[in-house]
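Asker: Contents of model_1.cif (mmCIF, C-alpha atoms and all ligand atoms) are given next:
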data_work
loop_
_atom_site.label_atom_id
_atom_site.label_comp_id
_atom_site.auth_asym_id
_atom_site.auth_seq_id
_atom_site.Cartn_x
_atom_site.Cartn_y
_atom_site.Cartn_z
CA MET A 1 21.05 -12.80 1.61
CA LYS A 2 18.14 -13.28 -0.76
CA GLY A 3 14.56 -12.58 0.18
CA TYR A 4 11.56 -14.35 -1.28
CA PHE A 5 8.21 -13.03 -2.40
CA ILE A 6 5.48 -15.68 -2.28
CA THR A 7 1.91 -14.98 -3.34
CA PHE A 8 -1.29 -16.95 -2.69
CA GLU A 9 -3.98 -16.90 -5.35
CA GLY A 10 -7.32 -18.58 -5.90
CA ALA A 11 -11.03 -17.99 -5.54
CA GLU A 12 -12.74 -16.70 -2.43
CA GLY A 13 -13.06 -19.48 0.15
CA CYS A 14 -10.28 -21.70 -1.28
CA GLY A 15 -8.20 -21.35 1.90
CA LYS A 16 -5.68 -18.58 1.14
CA SER A 17 -5.92 -16.83 4.52
CA THR A 18 -5.88 -20.14 6.40
CA GLN A 19 -2.85 -21.46 4.53
CA ILE A 20 -0.82 -18.25 4.45
CA LYS A 21 -0.93 -18.18 8.25
CA LEU A 22 0.21 -21.82 8.48
CA LEU A 23 3.06 -21.29 6.01
CA GLY A 24 4.09 -18.13 7.88
CA GLU A 25 4.28 -20.10 11.12
CA ALA A 26 6.29 -22.91 9.50
CA LEU A 27 8.78 -20.46 8.00
CA GLN A 28 9.11 -18.65 11.33
CA LYS A 29 9.80 -21.95 13.09
CA ALA A 30 12.55 -22.55 10.54
CA GLY A 31 14.10 -19.24 11.63
CA LYS A 32 13.00 -17.08 8.68
CA ALA A 33 11.86 -13.47 8.96
CA VAL A 34 8.30 -13.50 7.64
CA THR A 35 5.94 -10.65 6.81
CA ILE A 36 2.33 -11.38 5.85
CA SER A 37 0.43 -8.93 3.69
CA ARG A 38 -2.60 -8.83 1.44
CA SER A 39 -3.76 -7.32 -1.82
CA PRO A 40 -5.43 -4.96 -2.04
CA GLY A 41 -3.82 -3.53 1.07
CA GLY A 42 -0.68 -4.05 3.08
CA THR A 43 0.43 -0.43 3.54
CA ALA A 44 -1.43 2.51 5.09
CA VAL A 45 -2.28 4.06 1.71
CA ALA A 46 -3.08 0.70 0.09
CA GLU A 47 -5.46 -0.18 2.95
CA LYS A 48 -7.34 3.09 2.30
CA ILE A 49 -7.64 2.15 -1.38
CA ARG A 50 -8.81 -1.35 -0.30
CA THR A 51 -11.84 0.18 1.38
CA ILE A 52 -12.87 1.86 -1.88
CA LEU A 53 -12.37 -1.39 -3.81
CA LYS A 54 -14.17 -3.70 -1.40
CA GLU A 55 -17.07 -1.65 -0.08
CA PRO A 56 -19.84 -0.24 -2.26
CA THR A 57 -19.97 3.58 -2.32
CA ALA A 58 -23.50 4.97 -1.97
CA GLY A 59 -24.77 6.72 -5.09
CA GLU A 60 -21.82 5.97 -7.39
CA ASP A 61 -20.62 2.81 -9.11
CA LEU A 62 -16.94 2.06 -9.37
CA GLU A 63 -16.01 1.98 -13.06
CA PRO A 64 -14.17 -1.23 -14.09
CA GLU A 65 -11.29 0.91 -15.40
CA THR A 66 -11.15 2.79 -12.09
CA GLU A 67 -11.08 -0.52 -10.27
CA LEU A 68 -8.14 -1.72 -12.37
CA LEU A 69 -6.17 1.48 -11.81
CA LEU A 70 -6.84 1.40 -8.06
CA PHE A 71 -5.39 -2.12 -7.93
CA GLY A 72 -2.37 -0.78 -9.82
CA ALA A 73 -2.05 2.03 -7.27
CA CYS A 74 -2.21 -0.49 -4.42
CA HIS A 75 0.48 -2.67 -5.96
CA SER A 76 2.72 0.33 -6.54
CA GLN A 77 2.50 1.31 -2.85
CA MET A 78 3.06 -2.31 -1.79
CA THR A 79 6.08 -2.74 -4.04
CA ALA A 80 7.89 0.41 -2.95
CA ASN A 81 6.93 0.54 0.72
CA LEU A 82 6.60 -3.08 1.71
CA ILE A 83 7.83 -5.78 -0.67
CA LYS A 84 11.16 -4.24 -1.73
CA PRO A 85 12.19 -3.24 1.82
CA VAL A 86 11.41 -6.77 3.11
CA LEU A 87 13.28 -8.48 0.24
CA ASP A 88 16.25 -6.11 0.59
CA LYS A 89 16.63 -7.28 4.19
CA GLY A 90 16.51 -10.93 3.10
CA GLY A 91 13.03 -11.49 4.53
CA ILE A 92 10.14 -13.47 3.16
CA LEU A 93 7.00 -11.61 2.12
CA LEU A 94 3.80 -13.64 1.88
CA SER A 95 0.90 -11.92 0.16
CA ASP A 96 -2.74 -13.01 0.28
CA ARG A 97 -3.44 -12.32 -3.43
CA PHE A 98 -1.34 -10.08 -5.67
CA TYR A 99 -1.30 -9.02 -9.28
CA ASP A 100 -2.32 -12.35 -10.82
CA SER A 101 -5.73 -11.68 -9.25
CA THR A 102 -5.83 -8.42 -11.21
CA ILE A 103 -5.15 -10.31 -14.45
CA ALA A 104 -7.77 -12.97 -13.63
CA TYR A 105 -10.54 -10.67 -12.30
CA GLN A 106 -10.05 -7.44 -14.25
CA GLY A 107 -8.23 -8.76 -17.35
CA TYR A 108 -10.19 -11.95 -18.03
CA ALA A 109 -13.44 -11.94 -16.01
CA ARG A 110 -14.16 -8.19 -16.51
CA ASN A 111 -12.72 -8.20 -20.03
CA LEU A 112 -10.49 -5.15 -19.61
CA GLY A 113 -7.75 -6.57 -21.84
CA VAL A 114 -5.24 -9.03 -20.50
CA GLU A 115 -2.22 -7.37 -22.11
CA SER A 116 -3.17 -3.94 -20.73
CA VAL A 117 -3.55 -5.40 -17.24
CA LYS A 118 -0.19 -7.15 -17.50
CA TRP A 119 1.42 -3.87 -18.57
CA ILE A 120 -0.16 -1.99 -15.66
CA ASN A 121 1.05 -4.71 -13.29
CA SER A 122 4.66 -4.52 -14.39
CA TYR A 123 4.56 -0.71 -14.40
CA ALA A 124 3.07 -0.61 -10.89
CA CYS A 125 5.56 -3.20 -9.58
CA ARG A 126 8.64 -1.87 -11.41
CA ASN A 127 8.96 -5.29 -13.05
CA LEU A 128 9.15 -7.06 -9.70
CA LYS A 129 7.61 -10.55 -9.86
CA PRO A 130 6.68 -13.08 -7.19
CA ASP A 131 9.30 -15.82 -6.78
CA LEU A 132 6.54 -18.36 -6.20
CA THR A 133 2.77 -18.21 -6.63
CA ILE A 134 0.71 -20.82 -4.81
CA LEU A 135 -2.55 -21.27 -6.72
CA LEU A 136 -5.16 -22.97 -4.54
CA ASP A 137 -7.50 -24.47 -7.09
CA MET A 138 -11.06 -25.62 -6.47
CA ASP A 139 -14.54 -25.50 -7.95
CA PRO A 140 -15.89 -21.98 -7.29
CA GLU A 141 -19.15 -23.39 -5.91
CA GLU A 142 -17.24 -25.23 -3.20
CA GLY A 143 -15.25 -22.09 -2.38
CA ILE A 144 -18.39 -19.96 -2.14
CA LYS A 145 -19.90 -22.57 0.20
CA ARG A 146 -16.84 -22.35 2.45
CA ALA A 147 -16.79 -18.55 2.36
CA LYS A 148 -20.49 -18.44 3.28
CA GLU A 149 -19.92 -20.75 6.23
CA ARG A 150 -17.05 -18.52 7.31
CA ALA A 151 -19.22 -15.41 7.07
CA GLY A 152 -21.99 -17.11 9.02
CA ASN A 153 -24.65 -15.69 6.72
CA ALA A 154 -25.06 -14.77 3.07
CA ALA A 155 -25.77 -11.11 3.83
CA THR A 156 -22.14 -10.49 4.85
CA LEU A 157 -20.91 -11.99 1.61
CA ALA A 158 -23.28 -9.93 -0.50
CA GLY A 159 -21.70 -6.78 1.00
CA ASP A 160 -18.40 -7.49 -0.75
CA ARG A 161 -18.34 -6.25 -4.35
CA PHE A 162 -16.38 -9.29 -5.58
CA ASP A 163 -17.95 -12.09 -3.52
CA SER A 164 -21.43 -11.18 -4.74
CA GLU A 165 -20.59 -11.65 -8.46
CA LYS A 166 -22.49 -14.40 -10.27
CA LEU A 167 -21.14 -17.92 -10.64
CA SER A 168 -20.07 -17.57 -14.31
CA PHE A 169 -17.74 -14.74 -13.22
CA HIS A 170 -16.10 -17.02 -10.66
CA HIS A 171 -15.68 -19.78 -13.26
CA ALA A 172 -13.99 -17.28 -15.61
CA VAL A 173 -11.65 -16.31 -12.76
CA ARG A 174 -10.75 -19.94 -12.06
CA ASN A 175 -10.01 -20.67 -15.72
CA ALA A 176 -7.90 -17.52 -15.96
CA PHE A 177 -5.78 -18.54 -12.97
CA LEU A 178 -5.21 -21.99 -14.47
CA LEU A 179 -4.20 -20.43 -17.78
CA LEU A 180 -1.73 -18.09 -16.06
CA ALA A 181 -0.25 -21.07 -14.22
CA LYS A 182 0.19 -22.91 -17.53
CA GLU A 183 1.95 -19.89 -19.03
CA ASP A 184 4.48 -19.67 -16.19
CA PRO A 185 4.98 -23.13 -14.68
CA GLY A 186 8.34 -22.12 -13.17
CA ARG A 187 6.58 -19.61 -10.88
CA PHE A 188 3.17 -21.22 -10.26
CA ALA A 189 2.52 -24.22 -8.04
CA VAL A 190 -1.07 -25.37 -8.63
CA ILE A 191 -2.38 -27.08 -5.51
CA ASP A 192 -5.68 -28.91 -5.17
CA ALA A 193 -7.47 -27.01 -2.39
CA ASN A 194 -10.05 -29.74 -1.71
CA GLY A 195 -8.13 -31.71 0.91
CA SER A 196 -8.12 -31.05 4.64
CA ILE A 197 -6.37 -27.95 5.97
CA GLU A 198 -3.40 -30.11 7.03
CA GLU A 199 -3.20 -31.93 3.68
CA VAL A 200 -3.15 -28.66 1.75
CA HIS A 201 -0.56 -27.25 4.16
CA GLN A 202 1.75 -30.22 3.53
CA LYS A 203 1.45 -29.75 -0.23
CA ILE A 204 2.35 -26.07 0.16
CA LEU A 205 5.43 -26.91 2.28
CA GLU A 206 6.52 -29.33 -0.43
CA ALA A 207 6.03 -26.69 -3.15
CA VAL A 208 8.08 -24.13 -1.22
CA HIS A 209 10.83 -26.73 -0.90
CA VAL A 210 10.76 -27.78 -4.55
CA TYR A 211 10.40 -24.30 -6.10
CA LEU A 212 12.61 -22.23 -3.78
CA GLY A 213 14.85 -24.77 -2.06
CA ILE A 214 13.88 -23.50 1.39
CA LEU A 215 12.25 -25.47 4.24
N1 LIG B 1 -9.02 -27.37 3.56
C1 LIG B 1 -10.14 -26.89 4.12
N2 LIG B 1 -11.19 -27.69 4.37
C2 LIG B 1 -12.32 -27.22 4.92
N3 LIG B 1 -12.52 -25.93 5.27
C3 LIG B 1 -11.51 -25.08 5.03
C4 LIG B 1 -10.27 -25.50 4.45
N4 LIG B 1 -9.46 -24.43 4.34
C5 LIG B 1 -10.15 -23.38 4.82
N5 LIG B 1 -11.37 -23.76 5.25
C6 LIG B 1 -12.42 -22.91 5.82
O1 LIG B 1 -13.07 -22.30 4.72
C7 LIG B 1 -13.31 -20.92 4.98
C8 LIG B 1 -12.58 -20.07 3.95
O2 LIG B 1 -11.16 -20.18 4.14
P1 LIG B 1 -10.21 -18.92 3.98
O3 LIG B 1 -8.84 -19.34 4.39
O4 LIG B 1 -10.80 -17.75 4.67
O5 LIG B 1 -10.27 -18.73 2.39
P2 LIG B 1 -9.87 -17.46 1.49
O6 LIG B 1 -8.93 -16.63 2.31
O7 LIG B 1 -9.21 -18.08 0.28
O8 LIG B 1 -11.13 -16.78 1.14
C9 LIG B 1 -12.85 -20.67 6.41
O9 LIG B 1 -13.95 -20.77 7.26
C10 LIG B 1 -11.85 -21.78 6.66
O10 LIG B 1 -11.77 -22.13 8.02
MG MG B 2 -9.04 -14.62 2.75
#
For the structure just supplied, provide its representation as C-alpha cells.

Answerer:
Amino acid sequence: MKGYFITFEGAEGCGKSTQIKLLGEALQKAGKAVTISRSPGGTAVAEKIRTILKEPTAGEDLEPETELLLFGACHSQMTANLIKPVLDKGGILLSDRFYDSTIAYQGYARNLGVESVKWINSYACRNLKPDLTILLDMDPEEGIKRAKERAGNAATLAGDRFDSEKLSFHHAVRNAFLLLAKEDPGRFAVIDANGSIEEVHQKILEAVHVYLGIL
C-alpha cells in the first residue's frame, strides 16, 4: 500500500487552508486515511519552533540564517515523526506549505542562496519529496486583500513576521514558486487561485486524479 504526500504552496491568502480542508474531506469520503499538517509545525517540537518563526521576539531580531535553519529543523521533525509514519501506513499526508516555501521565501526572496536551501531541505527531509505540490497562484495584492479580510483588521496581519513584508517581497515569492513549478512539472500542479472556492476545489480534485491516479 503506497501513501501519498501532497503539499499546498502559494502566497498568504491564496486559499491553502481553505482548500486543504476541502481536499481532506473529499479524500476521506473516498475512504482514504488523511492527515492534515502544516509547515512550520505539525509535531510537538515543530509547533514550538513555529512560534519562534512566526512571532516577533522582544529585543532580538531573528537572523535570516537562523530562520532558514529553524525551518530545516521543523522539516526534519516532520519528516521523521509525521510524514514517514503516515506514508508507511499507506496514508495520505496533506501539508499546508512545506519546503518549497523555504526555497521561495528564504532562498529567493531573502537571497540566502537557492542551492544551499535546496541542500538543507534534502538533508532535513532525508531526500523525501512531496508526490504532488499544488501551487495556488494569484497576484500577491489579491492574496493580501483576502488575508486582511480574514484577519478582520490589518493589525493582526502586521503581527506576523512574514505577512508584514513589503509587496516586492511577495512578488519575489510568487515568481520563485512559478520558477520551481517550471523546473519540476511532474510534481507541481499550478492552479489559478482566482476562481470561487468551489471552482478551485474542482481543479485540485482534477490535479490529484491526473498526477496521482487517485480520486
Ligand atoms: N476562492 C476564494 N474566493 C474568495 N475568497 C476565498 C477563496 N479562497 C479562500 N478565500 C478566503 O480568503 C481568506 C484566505 O484564505 P485561506 O484559505 O486562509 O488562505 P491561506 O491559507 O493560503 O492564507 C479566507 O478568509 C478565505 O475564506
Ligand atoms: Mg493558511

Asker: Name the residues, by chain letter and number, that sit within 9 Å of ligand MG 2 (chain B) using all atoms listed in the file, and give them as a PDB file with C-alpha atoms, in the coordinates of the input.

Answerer:
ATOM      1  CA  GLU A  12     -12.740 -16.700  -2.430  1.00  0.00           C
ATOM      2  CA  GLY A  13     -13.060 -19.480   0.150  1.00  0.00           C
ATOM      3  CA  CYS A  14     -10.280 -21.700  -1.280  1.00  0.00           C
ATOM      4  CA  GLY A  15      -8.200 -21.350   1.900  1.00  0.00           C
ATOM      5  CA  LYS A  16      -5.680 -18.580   1.140  1.00  0.00           C
ATOM      6  CA  SER A  17      -5.920 -16.830   4.520  1.00  0.00           C
ATOM      7  CA  THR A  18      -5.880 -20.140   6.400  1.00  0.00           C
ATOM      8  CA  ARG A  38      -2.600  -8.830   1.440  1.00  0.00           C
ATOM      9  CA  ASP A  96      -2.740 -13.010   0.280  1.00  0.00           C
ATOM     10  CA  ARG A  97      -3.440 -12.320  -3.430  1.00  0.00           C
ATOM     11  CA  ALA A 147     -16.790 -18.550   2.360  1.00  0.00           C
TER      12      ALA A 147
END

Asker: Calculated over all atoms listed in the file, which of the candidates A:Phe71, A:Phe162, A:Phe177, A:Phe169 has the smallest distance to Tyr123 in chain A?

Answerer: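 The closest residue to Tyr123 in chain A is A:Phe71.
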
Asker: Name the closest residue to ligand LIG 1 (chain B) among the candidates A:Pro140, A:Gly10, A:Gly90, A:Pro56; distances are taken between atoms, counting all atoms listed in the file.

Answerer: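 Nearest candidate to ligand LIG 1 (chain B) out of A:Pro140, A:Gly10, A:Gly90, A:Pro56: A:Gly10.
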
Asker: Can you work out which residues are within 10 Å of ligand LIG 1 (chain B), considering only C-alpha atoms and all ligand atoms, and then hand them over as number ranges by chain?

Answerer: A: 8-21, 96-97, 136-137, 142-152, 163, 192-201

Asker: Do a neighbour search on Phe5 in chain A at 6 Å with all atoms listed in the file, toss out local chain neighbours closer than 4 positions, and write the hits as a ChimeraX atom specification.

Answerer: /A:92-93,130-131

Asker: Please tell me which residues are no farther than 12 Å from (4.8, -7.0, 7.9) in the file, counting all atoms listed in the file, and write them as a list in words.

Answerer: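 Applying the cut-off with all atoms listed in the file, one gets Gly24, Ala33, Val34, Thr35, Ile36, Ser37, Arg38, Gly41, Gly42, Thr43, Ala44, Met78, Asn81, Leu82, Ile83, Lys84, Pro85, Val86, Leu87, Gly91, Ile92, Leu93, Leu94 and Ser95 of chain A.
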
Asker: Would you mind reading off the distance between CA of Asp88 in chain A and CA of Gly3 in chain A, one decimal, in Å?

Answerer: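 Atom-to-atom, CA of Asp88 in chain A to CA of Gly3 in chain A, that is 6.7 Å.
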
Asker: Between A:Met1, A:Ala172, A:Ile214, A:Leu128, which one has atoms that come closest to Lys89 in chain A, using only C-alpha atoms?

Answerer: A:Met1

Asker: Which polymer residues have any atom within 9 Å of an atom of Lys118 in chain A, counting only C-alpha atoms, with same-chain residues fewer than 4 positions away left out, as a count of residues only?

Answerer: 9

Asker: For the atom pair CA of Phe188 in chain A and CA of Ser39 in chain A, what is the interatomic distance in Å to one decimal place?

Answerer: 17.7 Å

Asker: Could you write range 191-209 of chain A as a compact mmCIF listing (two decimals), in the coordinates of the input, with N, CA, C and O atoms rebuilt where they are missing?

Answerer:
# COMPACT_ATOMS: atom_id res chain seq x y z
N ILE A 191 -2.11 -26.13 -6.59
CA ILE A 191 -2.38 -27.08 -5.51
C ILE A 191 -3.88 -27.30 -5.37
O ILE A 191 -4.66 -26.33 -5.33
N ASP A 192 -4.27 -28.57 -5.34
CA ASP A 192 -5.68 -28.91 -5.17
C ASP A 192 -6.10 -28.50 -3.76
O ASP A 192 -5.56 -28.99 -2.77
N ALA A 193 -7.07 -27.59 -3.69
CA ALA A 193 -7.47 -27.01 -2.39
C ALA A 193 -8.57 -27.81 -1.70
O ALA A 193 -9.09 -27.38 -0.67
N ASN A 194 -8.91 -28.99 -2.25
CA ASN A 194 -10.05 -29.74 -1.71
C ASN A 194 -9.73 -30.59 -0.48
O ASN A 194 -10.64 -31.01 0.21
N GLY A 195 -8.47 -30.87 -0.23
CA GLY A 195 -8.13 -31.71 0.91
C GLY A 195 -8.37 -31.00 2.23
O GLY A 195 -8.89 -29.88 2.27
N SER A 196 -7.99 -31.68 3.33
CA SER A 196 -8.12 -31.05 4.64
C SER A 196 -7.11 -29.91 4.76
O SER A 196 -6.18 -29.80 3.95
N ILE A 197 -7.28 -29.07 5.76
CA ILE A 197 -6.37 -27.95 5.97
C ILE A 197 -4.93 -28.46 6.08
O ILE A 197 -4.01 -27.91 5.49
N GLU A 198 -4.74 -29.56 6.83
CA GLU A 198 -3.40 -30.11 7.03
C GLU A 198 -2.84 -30.69 5.73
O GLU A 198 -1.65 -30.49 5.43
N GLU A 199 -3.68 -31.37 4.95
CA GLU A 199 -3.20 -31.93 3.68
C GLU A 199 -2.74 -30.82 2.73
O GLU A 199 -1.68 -30.94 2.10
N VAL A 200 -3.52 -29.77 2.64
CA VAL A 200 -3.15 -28.66 1.75
C VAL A 200 -1.87 -28.01 2.26
O VAL A 200 -0.96 -27.69 1.48
N HIS A 201 -1.77 -27.84 3.56
CA HIS A 201 -0.56 -27.25 4.16
C HIS A 201 0.69 -28.05 3.79
O HIS A 201 1.71 -27.47 3.41
N GLN A 202 0.60 -29.38 3.87
CA GLN A 202 1.75 -30.22 3.53
C GLN A 202 2.14 -30.05 2.07
O GLN A 202 3.34 -30.02 1.74
N LYS A 203 1.15 -29.94 1.19
CA LYS A 203 1.45 -29.75 -0.23
C LYS A 203 2.14 -28.40 -0.46
O LYS A 203 3.02 -28.27 -1.31
N ILE A 204 1.74 -27.40 0.31
CA ILE A 204 2.35 -26.07 0.16
C ILE A 204 3.81 -26.11 0.65
O ILE A 204 4.70 -25.56 0.00
N LEU A 205 4.05 -26.79 1.77
CA LEU A 205 5.43 -26.91 2.28
C LEU A 205 6.32 -27.58 1.22
O LEU A 205 7.45 -27.15 0.98
N GLU A 206 5.76 -28.61 0.58
CA GLU A 206 6.52 -29.33 -0.43
C GLU A 206 6.82 -28.40 -1.62
O GLU A 206 7.94 -28.39 -2.15
N ALA A 207 5.83 -27.61 -2.02
CA ALA A 207 6.03 -26.69 -3.15
C ALA A 207 7.10 -25.65 -2.83
O ALA A 207 7.96 -25.35 -3.66
N VAL A 208 7.08 -25.13 -1.61
CA VAL A 208 8.08 -24.13 -1.22
C VAL A 208 9.48 -24.76 -1.28
O VAL A 208 10.44 -24.14 -1.74
N HIS A 209 9.56 -26.01 -0.86
CA HIS A 209 10.83 -26.73 -0.90
C HIS A 209 11.30 -26.94 -2.34
O HIS A 209 12.44 -26.65 -2.70
